[in-house]
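Trainee: Starting off with a structure, shown below.
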Amino acid sequence: MNALVRRTSCVIGLLAMICMPVRAEVMQSRQTEAARIVHAADAFLATLDAKQRGSVMFAFDDAKQRVRWSNLPTEMVRRAGLSMGELSEAQRSAAMALVSSALSRRGFEKVEQIMEGDERLRTNERARQMFGKDLFYISILGTPSETDPWMVQFGGHHLALNITIAGEHGVLTPTLTGAQPALYQVDGKTVRPLGQESDKAFALLNALDEGQRKQAILNYRVADLVLGPGMDGKTIQPEGLKGSAMNAQQRAMLLDLISEWAGIVNDQFAAARMAEIKADLDDTWFAWSGPIDHEAGKNGKAYYRIQGPKLVIEYAPQRLGGDLTMHVHTMYRDPTNDYGKRYTGK
Amino acid sequence: MKSRLAVIIAVVLLWVGTPAFAHRLDEYLQATTISLGTDRIAVRVCLTPGVDVFRAVLADIDADGDGVISEAERQAYARRVLHDLSLTLDGNRLPLRLVSSTFATIEEMKEGLGDIVLNVDAEVPPGGANRTLVFENQHQSRIAVYMVNCLLPDDPDIRVIAQSRNYEQSFYQLDYVQAGIRSTPPTPAPKSASWSTFRLFLGADGLVVFGWLAFLWQRRRAGRT
């Protein structure tokens with residue numbers, strides 16, 4: 001018996017020794033992500049004077065500041081915090097470094113392209129004072145910490161990033177992205193800030209068979225975001241084609257499309273989020289309203305929605321400006337975890 | 001001739017150069033959400049006039065044309081909107097009651113940024129388990145863009161079966177099942193039921209393994225002695 005006990009203990013001990021370093025590595029990597037963002041936040045705050053720090057910092061449970069975001073220009077819906085235009089070059093670069101630390105490479109590129117698009121509006125539109133990179137605001141809710149929850153908000157016209165960091169967890173919902181112009185040139189190269197969101201959706205739609213399309217395509221017009229700003233905590237009855245009715249390839253395409261939003265946040269946080277979304281894929285719906293074809297290299301004119309138990313994504317082309325392909329608003333939510341409430345209890 | 005051409009070009013340029021603001025222009029967006037309860041149906045209508053249709057909407061609200069929306073004018077406008085809405089359950093029209101209303105300022109609405117929000121409710125009359133709700137909105141149909149959605153019911157006794165709309169979303173039908181009043185304790189969710197069963201098996205398995213180990217130990221001890 002002693003030999004049996006010894007042998008069992010050895011096996012258990014061996015298994016524990018194999019598993020522990022892997023777990024420790026994962027934990028360390030996640031903690032490193034949080035530490036990296038905290039470090040970037042501290043570095044940004046260190047560049048500010050006392051008055052600026054007072055303007056940029058809010059209590060973590062400041063409910064008014066939490067919901068002070070919109071698709072509209074900041075002149076129409078006032079934001080709080082510090083605008084990029086108020087900051088010196090060094091402060092501005094520290095602020096952008098903080099935003100970048102919480103995002104993936106592609107996510108940060110998307111943010112830069114949305115801001116560049118707004119800069120185009122500043123130079124091309126008559127009401128230029130309403131637009132431009134200077135009018136994007138940063139704010140911090142709570143105290144940057146590797147253990148306690150806190151938030152970074154960054155946004156302006158067509159952008160609202162709400163990033164909650166709670167220890168090893170990083171949550172990006174609710175987040176709004178938009179683009180106008182949705183296509184422009186930089187040094188002869190075409191830039192489409194939210195082009196993949198359109199192209200991948202059309203690819204998925206085209207991969208559906210006739211019966212699936214019948215279910216996915218709604219027979220009515222959707223003029224705007226249903227769960228846009230001001231609709232926190234609301235969830236609508238899902239419609240369209242269910243993930244469980246898709247084949248493996250279509251499900252992979254759906255996941256890839258979702259990653260355009262879930263992958264804005266840094267890779268570590270995105271991996272956890274994608275795993276969660278993948279687990280719910282059977283109960284995730286894809287619904288489409290509007291034209292089913294589009295001009296190659298341009299955004300489509302159709303609205304679509306992806307909705308799962310822990311996910312709402314909406315893509316809504318806008319008529320304003322006269323061309324639906326050139327102006328779009330999108331919304332990304334987790335009705336069970338907006339502002340990281342699952343981890344923070346707030 | 002040249003000067004006339006210059007004027008035309010200037011007008012065209014001015015028109016083309018009109019800022020493509022991010023607010024609504026030539027539509028009157030009317031977004032409705034319906035919340036189902038066993039005793040009450042709550043309806044929230046959010047109306048956002050676009051810049052180009054604001055005058056027409058304001059004329060309907062500001063009856064005396066003094067540029068100020070008085071409380072009486074708010075109430076009257078809310079009543080007019082309610083008059084253009086219809087909510088029926090199982091074919092019976094339900095009286096709508098205005099619970100509250102908020103109006104943005106004229107300045108905000110002028111910019112296409114202001115909302116009028118009407119919170120309305122209706123009592124649910126007794127009926128069978130299978131229910132059919134129909135919501136119709138005809139308010140300012142010439143300039144309106146409608147949206148209507150049902151919120152996921154909080155009450156687990158209510159389950160949405162089907163939704164249908166016309167293209168404009170001025171007509172919306174919702175079929176749902178409403179379970180009766182709970183007379184028995186709630187049935188555990190299938191997930192927890194299967195977990196309980198699993199734990200039961202786990203416990204039984206544990207006992208078998210423990211018994212088997214005890215038997216082996218006894219045999220070894222017997223062998224030694």
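By order of appearance in the structure tokens: chains A, B, ..., then residues from 1 within every chain, and ligands from 1 in the order shown.
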Name the residues of region 19-254 of chain A that come out as alpha helix (DSSP H) in a backbone DSSP run; write them as a count of residues only.

Mentor: 100

Trainee: Would you give me, as JSON lines, each residue of chain A having an atom within 8 Å of an atom of chain B, along with its shortest atom pair and that distance in Å to one decimal, using only C-alpha atoms and sorting by chain and residue number?

Mentor:
```
{"residue": "A:Met1", "atom": "CA", "partner": "B:Trp217", "partner_atom": "CA", "distance": 6.2}
{"residue": "A:Asn71", "atom": "CA", "partner": "B:Ala22", "partner_atom": "CA", "distance": 7.6}
{"residue": "A:Leu72", "atom": "CA", "partner": "B:Ala22", "partner_atom": "CA", "distance": 5.8}
{"residue": "A:Pro73", "atom": "CA", "partner": "B:Ala22", "partner_atom": "CA", "distance": 7.3}
{"residue": "A:Met76", "atom": "CA", "partner": "B:Leu113", "partner_atom": "CA", "distance": 7.6}
{"residue": "A:Glu125", "atom": "CA", "partner": "B:Pro19", "partner_atom": "CA", "distance": 5.3}
{"residue": "A:Arg126", "atom": "CA", "partner": "B:Pro19", "partner_atom": "CA", "distance": 5.8}
{"residue": "A:Ala127", "atom": "CA", "partner": "B:Pro19", "partner_atom": "CA", "distance": 6.2}
{"residue": "A:Asn219", "atom": "CA", "partner": "B:Tyr167", "partner_atom": "CA", "distance": 6.0}
{"residue": "A:Tyr220", "atom": "CA", "partner": "B:Tyr167", "partner_atom": "CA", "distance": 3.8}
{"residue": "A:Arg221", "atom": "CA", "partner": "B:Tyr167", "partner_atom": "CA", "distance": 5.7}
{"residue": "A:Val222", "atom": "CA", "partner": "B:Met147", "partner_atom": "CA", "distance": 6.7}
{"residue": "A:Ala223", "atom": "CA", "partner": "B:Val145", "partner_atom": "CA", "distance": 7.1}
{"residue": "A:Val226", "atom": "CA", "partner": "B:Ala31", "partner_atom": "CA", "distance": 7.9}
{"residue": "A:Lys234", "atom": "CA", "partner": "B:Leu151", "partner_atom": "CA", "distance": 6.9}
{"residue": "A:Thr235", "atom": "CA", "partner": "B:Leu151", "partner_atom": "CA", "distance": 5.5}
{"residue": "A:Ile236", "atom": "CA", "partner": "B:Leu151", "partner_atom": "CA", "distance": 4.1}
{"residue": "A:Gln237", "atom": "CA", "partner": "B:Leu152", "partner_atom": "CA", "distance": 5.1}
{"residue": "A:Leu320", "atom": "CA", "partner": "B:Ala20", "partner_atom": "CA", "distance": 5.9}
{"residue": "A:Gly321", "atom": "CA", "partner": "B:Ala20", "partner_atom": "CA", "distance": 4.4}
{"residue": "A:Gly322", "atom": "CA", "partner": "B:Ala20", "partner_atom": "CA", "distance": 8.0}
```

Trainee: So which residues touch Asp60 (chain B) within 12 Å, counting only C-alpha atoms, skipping near sequence neighbours fewer than 2 positions away, as a list in words?

Mentor: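 Answer for this query is Pro49, Val53, Phe54, Arg55, Ala56, Val57, Leu58, Asp62, Ala63, Asp64, Gly65, Gly67, Ile69, Glu73, Arg74, Ala76, Tyr77, Ala78, Arg79, Arg80, Val81, His139 and Gln140 of chain B.
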
Trainee: Next, write the just-selected residues to a file, as an mmCIF file, in the first residue's frame, keeping C-alpha atoms as the atom set.

Mentor:
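In the end it all went to result31.cif:
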```cif
data_model
loop_
_atom_site.group_PDB
_atom_site.id
_atom_site.type_symbol
_atom_site.label_atom_id
_atom_site.label_comp_id
_atom_site.auth_asym_id
_atom_site.auth_seq_id
_atom_site.Cartn_x
_atom_site.Cartn_y
_atom_site.Cartn_z
ATOM 1 C CA PRO B 49 -35.921 65.233 -36.135
ATOM 2 C CA VAL B 53 -37.306 68.479 -41.310
ATOM 3 C CA PHE B 54 -36.957 70.266 -37.988
ATOM 4 C CA ARG B 55 -39.165 73.203 -39.070
ATOM 5 C CA ALA B 56 -42.029 70.882 -39.978
ATOM 6 C CA VAL B 57 -41.703 69.004 -36.688
ATOM 7 C CA LEU B 58 -41.418 72.189 -34.629
ATOM 8 C CA ASP B 62 -44.922 74.743 -31.040
ATOM 9 C CA ALA B 63 -48.607 75.345 -31.759
ATOM 10 C CA ASP B 64 -48.590 79.078 -30.940
ATOM 11 C CA GLY B 65 -45.363 79.613 -32.906
ATOM 12 C CA GLY B 67 -40.412 79.648 -30.435
ATOM 13 C CA ILE B 69 -42.103 74.645 -26.239
ATOM 14 C CA GLU B 73 -47.447 72.013 -25.951
ATOM 15 C CA ARG B 74 -45.274 69.076 -24.851
ATOM 16 C CA ALA B 76 -50.344 67.997 -26.509
ATOM 17 C CA TYR B 77 -47.595 66.772 -28.841
ATOM 18 C CA ALA B 78 -47.077 63.608 -26.800
ATOM 19 C CA ARG B 79 -50.821 62.959 -27.032
ATOM 20 C CA ARG B 80 -50.701 63.439 -30.822
ATOM 21 C CA VAL B 81 -47.829 60.970 -31.152
ATOM 22 C CA HIS B 139 -46.590 59.476 -36.900
ATOM 23 C CA GLN B 140 -45.332 61.951 -39.537
#
```

Trainee: My list of candidates is A:Gly308, A:Gly132, A:Pro335, A:Gly230. Which is closest to Cys46 (chain B) when distances are computed with only C-alpha atoms?

Mentor: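 Checking each candidate against Cys46 (chain B), we get A:Gly230 as the closest.
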
Trainee: Give me the residues near region 291-304 of chain A as a PyMOL selection string, where near means some atom within 6 Å (using only C-alpha atoms) and where sequence neighbours in that chain fewer than 3 positions away do not count.

Mentor: chain A and resi 198+287-288+314-317+324-325

Trainee: Enumerate, as a ChimeraX atom specification, the complete set of residues in region 16-63 of chain B that a backbone-based DSSP assignment places in strand (DSSP E or B).

Mentor: /B:28-36,40-49

Trainee: What is the distance, in Å and to one decimal place, between CA of Leu172 (chain A) and CA of Leu121 (chain A)?

Mentor: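 CA of Leu121 (chain A) lies 26.6 Å from CA of Leu172 (chain A).
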
Trainee: For a quick check of understanding, using only C-alpha atoms, which of A:Gly243, A:Pro229, A:Gly81, A:Gly170 has the smallest distance to Asp282 (chain A)?

Mentor: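 The shortest atom-to-atom distance to Asp282 (chain A) comes from A:Gly243.
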
Trainee: Between CA of Arg40 (chain B) and CA of Val124 (chain B), what is the distance, to one decimal in Å?

Mentor: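 Taking CA of Arg40 (chain B) and CA of Val124 (chain B), their separation equals 5.1 Å.
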